[in-house]
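What follows is a short report on a single structure.
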There are 4 protein chains.
Amino acid sequence: MNLRAVLLVVDMQNGFCGLGGTFDKFGFNIAPYREIITRLRNLIDRMRQFGVPVYYSKAIREKSGLDCIDKVHRIIPESRRERIEKMPLCIRGTWDSDVIDELQPHPDDHIVEKRRDSVFQDTEFDLWLKASRADTVIFCGIDTYICVESSVRDAFNKGYDVILLEDCVASRNPRHHETTLEQVAEAFGMVVSADELMRRVERKELIFLGE
Amino acid sequence: MNLRAVLLVVDMQNGFCGLGGTFDKFGFNIAPYREIITRLRNLIDRMRQFGVPVYYSKAIREKSGLDCIDKVHRIIPESRRERIEKMPLCIRGTWDSDVIDELQPHPDDHIVEKRRDSVFQDTEFDLWLKASRADTVIFCGIDTYICVESSVRDAFNKGYDVILLEDCVASRNPRHHETTLEQVAEAFGMVVSADELMRRVERKELIFLGE
Amino acid sequence: MNLRAVLLVVDMQNGFCGLGGTFDKFGFNIAPYREIITRLRNLIDRMRQFGVPVYYSKAIREKSGLDCIDKVHRIIPESRRERIEKMPLCIRGTWDSDVIDELQPHPDDHIVEKRRDSVFQDTEFDLWLKASRADTVIFCGIDTYICVESSVRDAFNKGYDVILLEDCVASRNPRHHETTLEQVAEAFGMVVSADELMRRVERKELIFLGE
Amino acid sequence: MNLRAVLLVVDMQNGFCGLGGTFDKFGFNIAPYREIITRLRNLIDRMRQFGVPVYYSKAIREKSGLDCIDKVHRIIPESRRERIEKMPLCIRGTWDSDVIDELQPHPDDHIVEKRRDSVFQDTEFDLWLKASRADTVIFCGIDTYICVESSVRDAFNKGYDVILLEDCVASRNPRHHETTLEQVAEAFGMVVSADELMRRVERKELIFLGE
């Protein structure tokens with residue numbers, strides 16, 4: 001199967017998974033996020049060797065609070081309320097919003113700034129994929145059941161084939177992490193490990209066409 | 001809390017949950033879907049008494065196959081492949097695509113025909129909600145973890161408050177059903193039973209403003 | 001140049017250009033609209049012979065007034081105010097909203113119901129084009145400077161190549177009609193007559209690939 | 001009439017209207033663009049005094065050419081072809097892409113980076129307007145018949161009231177400029193001079209509500 005694939009690295013920002021970032025300072029358990037960093041570093045390098053374009057999504061908030069969800073929502077779920085009240089998270093232009101040092105984008109990589117969960121919502125991501133004739137998005141990053149899953153659902157429903165790398169996504173909620181893997185396999189795409197993806201590429205079951 | 005709410009009844013069509021509909025004929029276990037019908041009937045009536053507008057979403061496919069997912073996807077997850085191969089499901093203009101008799105829309109209700117999982121994708125739903133100044137969507141219907149959950153994620157991220165009625169949604173996968181309820185409560189909205197919703201309305205904790 | 005083209009016939013409905021339709025009854029000059037009907041009839045037949053899929057857009061309003069622009073706008077331009085006040089125009093399910101008899105769609109044609117000016121806004125048109133791998137939209141119909149032009153602008157900006165048939169579009173405002181032709185040629189696409197399009201196809205300068 | 005308005009300054013970037021910018025270096029007549037600068041400076045200051053939030057749109061291209069229209073279009077209208085061939089215009093991160101010095105945004109203003117003509121396409125503009133409960137967009141900037149008009153059409157059709165300031169928009173094509181003013185007045189919104197807007201505000205015919 002010939003694929004015009006891109007790799008999407010979701011939200012690996014200091015605020016969420018950097019040592020000294022907002023989540024870390026606030027005492028959240030970021031260990032599950034940090035556990036995949038080395039694997040992601042390795043994955044990104046291999047993808048570049050295959051000529052697969054690398055995209056990074058970044059969740060960005062305005063310092064003014066303009067796009068904070070409490071501007072439009074009154075029913076705010078617990079996990080989000082906590083963040084709003086206590087943390088100025090991933091504010092545009094700050095270190096907190098940068099991709100972590102270990103995964104620093106190359107000059108040729110693409111950055112997509114997003115305001116909500118899905119990388120497709122109110123961003124140029126779809127336009128860029130169409131411009132490069134991409135038909136497949138390979139997903140890795142965090143958090144499995146929020147931003148990764150919402151982006152996966154959108155990718156599939158917009159007509160892109162989905163490959164989710166099960167050992168390159170992470171969640172602070174291990175049970176939801178597992179459910180997302182199951183649901184994606186059942187209803188939205190292919191779920192494999194990074195090594196299994198590479199094996200299929202080596203066996204030429206999957207062939208990455210150049211950009 | 002004052003709410004300009006609408007009720008959305010997701011995909012309660014003959015093809016999915018009608019006796020003699022496509023899923024039923026194909027031997028799928030539609031019992032979980034049928035179990036909520038009476039509760040939905042009751043819910044819809046009560047919502048109408050409160051002056052809450054009632055919307056129905058209908059998943060529609062073209063007879064020509066134009067919008068079948070195999071036109072754009074090569075990586076097709078198992079649960080969808082099976083349907084494509086064996087079933088002409090909810091074809092536009094057929095009985096199979098109609099809302100089940102038990103929940104027949106009134107002339108004043110609104111029908112939203114959708115092509116993909118989310119009721120917000122490529123439909124006029126958002127436009128209609130804005131026209132009626134709605135700020136809250138109350139969700140019921142099927143299937144909890146596919147079309148309901150994708151619609152809930154979109155509703156929240158587009159700025160609508162979400163109320164998911166835990167005993168008025170159903171899935172053929174009980175475990176995924178439970179996970180969706182948990183995830184929505186944590187990250188996307190309020191999860192209550194229909195009776196609990198009514199109690200909060202009676203206690204005036206929630207007040208439905210007219211259309 | 002190989003084109004995967006579709007023909008889009010914009011808003012040729014009884015309400016706008018039918019004898020006895022709303023505009024006609026209201027005393028609007030629908031002569032410019034009716035003048036292109038024979039040419040459109042001819043065009044559609046020839047396109048079908050080339051295997052070019054034929055799409056019709058229909059402007060639809062709800063009887064309830066739910067999607068009337070006065071629900072959301074306070075600054076309503078004159079040409080629209082007049083319609084709102086005096087005419088229940090192209091209400092869903094009525095003869096007024098049907099495509100005129102002379103151009104009746106075939107069973108294999110596709111109908112796109114739209115609520116606003118552009119055929120791309122809140123409709124499945126883009127999804128259908130992607131499913132059929134279309135890359136070019138050939139525009140004809142009415143009104144040149146409103147719904148046709150807004151659809152052309154969206155088509156171009158979404159990445160579709162645009163062909164506007166200058167003698168198969170019409171406006172009640174002849175000057176705006178001319179300006180649209182000029183602007184599209186300068187900034188959005190190719191502007192040719194139907195005959196010129198056919199000549200280019202015969203000379204194989206343009207080649208229509210099958211659906 | 002109470003308005004929750006924002007001011008949108010369209011594409012007043014060095015590349016289009018700066019001395020020494022790409023258009024200027026290429027020999028385009030940018031005089032019509034520069035003629036409105038003083039008026040815009042004045043307008044922006046007065047709007048800030050009224051508490052009206054100020055947004056700037058910036059047309060941005062990637063250095064890689066990823067989002068260049070020749071990646072997706074084969075039918076490229078003349079006015080755009082010329083630019084593609086000869087000019088690396090408004091590349092992200094360059095001086096060319098910055099708003100001109102005379103109109104430098106304040107720290108509290110909002111910048112919307114766009115890839116195509118309309119400020120609403122694939123951007124967070126709509127999300128920000130909703131977050132601030134805005135219902136009206138006041139338009140100024142360039143070019144009247146391309147980016148301003150496409151943004152106006154989208155604003156109106158998405159449900160925002162439109163005010164176009166006739167002496168604060170400019171085009172390199174004076175005839176198209178005039179037609180846009182006429183078309184907007186007829187079909188999309190209110191067209192007034194900046195002074196007339198101010199008079200209506202002073203007479204309290206229009207009242208700007210705070211952010």
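Scheme for the structure tokens: letters A, B, ... for chains in order shown; per-chain residue numbers from 1; ligand numbers from 1 in order shown.
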
Result of fitting chain D to chain C over every paired C-alpha, as a short mmCIF file (atom, residue, chain, number, x, y, z; two decimals) with C-alpha atoms, in the first residue's frame:
data_model
loop_
_atom_site.label_atom_id
_atom_site.label_comp_id
_atom_site.auth_asym_id
_atom_site.auth_seq_id
_atom_site.Cartn_x
_atom_site.Cartn_y
_atom_site.Cartn_z
CA MET D 1 -4.76 19.66 -19.27
CA ASN D 2 -6.56 16.70 -17.67
CA LEU D 3 -9.48 17.72 -15.51
CA ARG D 4 -11.55 15.77 -13.03
CA ALA D 5 -14.36 18.25 -13.39
CA VAL D 6 -17.92 18.48 -12.13
CA LEU D 7 -20.61 20.80 -13.43
CA LEU D 8 -22.41 22.87 -10.79
CA VAL D 9 -25.77 24.39 -11.71
CA VAL D 10 -26.41 27.10 -9.13
CA ASP D 11 -29.91 27.83 -7.78
CA MET D 12 -31.98 27.40 -10.97
CA GLN D 13 -35.10 27.05 -8.83
CA ASN D 14 -38.73 28.00 -9.43
CA GLY D 15 -38.58 30.60 -6.65
CA PHE D 16 -35.88 32.54 -8.46
CA CYS D 17 -36.50 31.91 -12.15
CA GLY D 18 -39.67 29.86 -12.60
CA LEU D 19 -42.79 31.35 -14.21
CA GLY D 20 -45.19 31.72 -11.30
CA GLY D 21 -42.39 31.38 -8.76
CA THR D 22 -41.88 33.83 -5.90
CA PHE D 23 -39.63 36.28 -7.75
CA ASP D 24 -41.92 36.25 -10.76
CA LYS D 25 -45.07 36.77 -8.68
CA PHE D 26 -43.38 39.57 -6.82
CA GLY D 27 -42.71 41.39 -10.08
CA PHE D 28 -38.93 41.01 -10.24
CA ASN D 29 -37.42 41.02 -13.70
CA ILE D 30 -36.46 37.38 -14.11
CA ALA D 31 -35.83 37.71 -17.85
CA PRO D 32 -32.01 37.62 -17.47
CA TYR D 33 -32.35 34.36 -15.54
CA ARG D 34 -34.69 32.77 -18.07
CA GLU D 35 -32.49 33.78 -20.97
CA ILE D 36 -29.84 31.20 -20.07
CA ILE D 37 -32.20 28.24 -19.60
CA THR D 38 -31.90 26.81 -23.11
CA ARG D 39 -28.14 27.20 -23.05
CA LEU D 40 -28.00 25.44 -19.69
CA ARG D 41 -30.20 22.60 -20.96
CA ASN D 42 -27.78 22.15 -23.84
CA LEU D 43 -24.72 22.43 -21.61
CA ILE D 44 -25.94 19.87 -19.10
CA ASP D 45 -26.67 17.35 -21.87
CA ARG D 46 -23.23 17.78 -23.39
CA MET D 47 -21.52 17.47 -20.01
CA ARG D 48 -23.37 14.22 -19.34
CA GLN D 49 -22.11 12.90 -22.67
CA PHE D 50 -18.56 13.66 -21.53
CA GLY D 51 -19.17 11.76 -18.29
CA VAL D 52 -18.90 14.92 -16.20
CA PRO D 53 -20.97 14.54 -13.00
CA VAL D 54 -23.76 17.11 -12.67
CA TYR D 55 -24.49 18.83 -9.36
CA TYR D 56 -27.36 21.20 -8.61
CA SER D 57 -27.35 23.57 -5.68
CA LYS D 58 -30.66 24.60 -4.16
CA ALA D 59 -31.13 27.49 -1.76
CA ILE D 60 -33.52 26.23 0.93
CA ARG D 61 -35.30 28.00 3.77
CA GLU D 62 -37.18 26.44 6.67
CA LYS D 63 -40.88 27.15 6.92
CA SER D 64 -40.37 27.95 10.61
CA GLY D 65 -38.08 30.84 9.70
CA LEU D 66 -35.35 29.24 11.82
CA ASP D 67 -32.62 30.02 9.33
CA CYS D 68 -33.90 33.39 8.14
CA ILE D 69 -31.10 35.96 8.25
CA ASP D 70 -33.13 38.28 10.47
CA LYS D 71 -32.63 35.74 13.24
CA VAL D 72 -28.97 36.72 13.45
CA HIS D 73 -28.55 40.02 11.61
CA ARG D 74 -29.61 43.51 12.54
CA ILE D 75 -27.75 45.20 9.69
CA ILE D 76 -29.64 43.70 6.76
CA PRO D 77 -28.78 45.02 3.31
CA GLU D 78 -31.67 46.38 1.27
CA SER D 79 -31.81 43.66 -1.39
CA ARG D 80 -32.23 41.03 1.31
CA ARG D 81 -34.61 42.96 3.56
CA GLU D 82 -37.14 43.24 0.78
CA ARG D 83 -37.18 39.49 0.33
CA ILE D 84 -37.53 38.74 4.00
CA GLU D 85 -40.46 41.03 4.44
CA LYS D 86 -42.45 40.06 1.44
CA MET D 87 -41.65 36.55 0.33
CA PRO D 88 -41.62 33.06 1.72
CA LEU D 89 -38.95 32.07 -0.79
CA CYS D 90 -37.81 28.53 -1.68
CA ILE D 91 -39.26 26.93 1.45
CA ARG D 92 -38.09 23.35 1.88
CA GLY D 93 -40.47 20.82 0.37
CA THR D 94 -42.35 23.29 -1.83
CA TRP D 95 -42.56 23.58 -5.62
CA ASP D 96 -40.93 26.99 -5.23
CA SER D 97 -37.73 25.33 -4.01
CA ASP D 98 -37.57 22.77 -6.84
CA VAL D 99 -35.21 23.05 -9.77
CA ILE D 100 -37.19 24.37 -12.77
CA ASP D 101 -38.84 21.77 -15.02
CA GLU D 102 -36.62 22.61 -17.98
CA LEU D 103 -33.52 21.51 -16.06
CA GLN D 104 -34.91 18.64 -13.98
CA PRO D 105 -32.05 16.63 -12.47
CA HIS D 106 -31.60 13.02 -13.55
CA PRO D 107 -31.68 10.30 -10.89
CA ASP D 108 -27.87 10.05 -11.06
CA ASP D 109 -27.30 13.77 -10.52
CA HIS D 110 -26.48 15.22 -7.13
CA ILE D 111 -28.45 17.85 -5.24
CA VAL D 112 -26.79 20.08 -2.64
CA GLU D 113 -29.15 21.99 -0.36
CA LYS D 114 -27.58 25.15 0.98
CA ARG D 115 -28.72 27.71 3.54
CA ARG D 116 -26.43 30.58 2.68
CA ASP D 117 -24.83 32.03 -0.46
CA SER D 118 -21.96 29.63 -1.03
CA VAL D 119 -22.55 26.02 -2.02
CA PHE D 120 -19.58 25.13 0.18
CA GLN D 121 -20.95 26.58 3.43
CA ASP D 122 -22.37 23.99 5.81
CA THR D 123 -22.99 21.41 3.07
CA GLU D 124 -21.59 18.06 1.94
CA PHE D 125 -20.40 19.47 -1.41
CA ASP D 126 -16.69 19.48 -0.54
CA LEU D 127 -16.92 15.95 0.89
CA TRP D 128 -18.58 14.69 -2.31
CA LEU D 129 -15.99 16.39 -4.51
CA LYS D 130 -13.20 14.80 -2.53
CA ALA D 131 -14.88 11.38 -2.67
CA SER D 132 -15.00 11.58 -6.46
CA ARG D 133 -11.43 12.98 -6.68
CA ALA D 134 -12.76 16.07 -8.45
CA ASP D 135 -10.26 18.91 -8.89
CA THR D 136 -12.26 21.36 -11.00
CA VAL D 137 -15.72 22.94 -10.70
CA ILE D 138 -17.44 24.32 -13.81
CA PHE D 139 -19.94 27.00 -12.75
CA CYS D 140 -23.23 28.05 -14.29
CA GLY D 141 -26.52 29.38 -12.94
CA ILE D 142 -27.66 32.35 -10.88
CA ASP D 143 -27.11 35.01 -9.52
CA THR D 144 -23.72 35.76 -10.95
CA TYR D 145 -22.58 38.21 -8.31
CA ILE D 146 -24.13 36.66 -5.21
CA CYS D 147 -24.33 32.88 -4.97
CA VAL D 148 -22.21 32.07 -8.02
CA GLU D 149 -19.41 34.46 -7.05
CA SER D 150 -19.35 33.45 -3.37
CA SER D 151 -19.20 29.79 -4.42
CA VAL D 152 -16.43 30.55 -6.94
CA ARG D 153 -14.37 32.36 -4.30
CA ASP D 154 -14.75 29.43 -1.92
CA ALA D 155 -13.96 26.86 -4.61
CA PHE D 156 -10.75 28.61 -5.57
CA ASN D 157 -9.61 29.20 -2.00
CA LYS D 158 -10.36 25.59 -1.06
CA GLY D 159 -8.06 24.45 -3.85
CA TYR D 160 -10.42 23.60 -6.70
CA ASP D 161 -9.75 24.95 -10.17
CA VAL D 162 -12.58 27.14 -11.38
CA ILE D 163 -14.15 27.45 -14.84
CA LEU D 164 -16.93 30.04 -15.07
CA LEU D 165 -19.12 29.86 -18.17
CA GLU D 166 -19.75 33.49 -19.01
CA ASP D 167 -22.87 32.92 -21.11
CA CYS D 168 -24.37 30.38 -18.70
CA VAL D 169 -24.55 32.62 -15.62
CA ALA D 170 -26.97 35.49 -15.18
CA SER D 171 -27.73 38.38 -12.87
CA ARG D 172 -30.58 40.81 -12.42
CA ASN D 173 -27.84 43.46 -12.22
CA PRO D 174 -26.00 43.55 -15.59
CA ARG D 175 -23.15 45.74 -14.35
CA HIS D 176 -22.36 43.48 -11.39
CA HIS D 177 -22.59 40.51 -13.75
CA GLU D 178 -19.84 42.00 -15.91
CA THR D 179 -17.66 42.82 -12.92
CA THR D 180 -17.88 39.28 -11.59
CA LEU D 181 -16.71 37.93 -14.94
CA GLU D 182 -13.74 40.29 -14.88
CA GLN D 183 -12.85 39.59 -11.25
CA VAL D 184 -13.03 35.83 -11.67
CA ALA D 185 -10.77 36.00 -14.73
CA GLU D 186 -8.28 38.15 -12.85
CA ALA D 187 -8.23 36.41 -9.51
CA PHE D 188 -10.17 33.15 -9.27
CA GLY D 189 -10.25 31.10 -12.46
CA MET D 190 -10.90 30.67 -16.17
CA VAL D 191 -13.81 32.52 -17.82
CA VAL D 192 -15.03 31.18 -21.16
CA SER D 193 -18.25 30.66 -23.07
CA ALA D 194 -19.82 27.22 -23.17
CA ASP D 195 -18.92 26.93 -26.85
CA GLU D 196 -15.32 27.91 -26.23
CA LEU D 197 -15.13 25.27 -23.48
CA MET D 198 -16.39 22.69 -25.94
CA ARG D 199 -13.88 23.76 -28.58
CA ARG D 200 -11.04 23.36 -26.08
CA VAL D 201 -12.33 19.92 -25.24
CA GLU D 202 -12.55 18.99 -28.92
CA ARG D 203 -9.01 20.25 -29.48
CA LYS D 204 -7.99 18.17 -26.45
CA GLU D 205 -6.58 21.24 -24.71
CA LEU D 206 -8.92 20.23 -21.91
CA ILE D 207 -9.62 16.56 -21.28
CA PHE D 208 -12.37 15.42 -18.94
CA LEU D 209 -11.36 12.32 -17.03
CA GLY D 210 -14.24 10.03 -16.08
CA GLU D 211 -15.81 10.06 -12.63
#

| task | Extract the full set of helix (DSSP H, G or I) residues from range 13-179 of chain B according to DSSP on the backbone, and format it as a ChimeraX atom specification. | result | /B:14-17,22-25,31-35,37-49,69-71,78-86,95-97,101-103,125-131,144-157,174-179

| request: List every residue of chain D that DSSP, applied to the backbone of this structure, places in strand (DSSP E), and write the result as number ranges by chain. | output: D: 2-3, 5-10, 54-59, 110-114, 136-142, 161-170, 190-192, 207-208
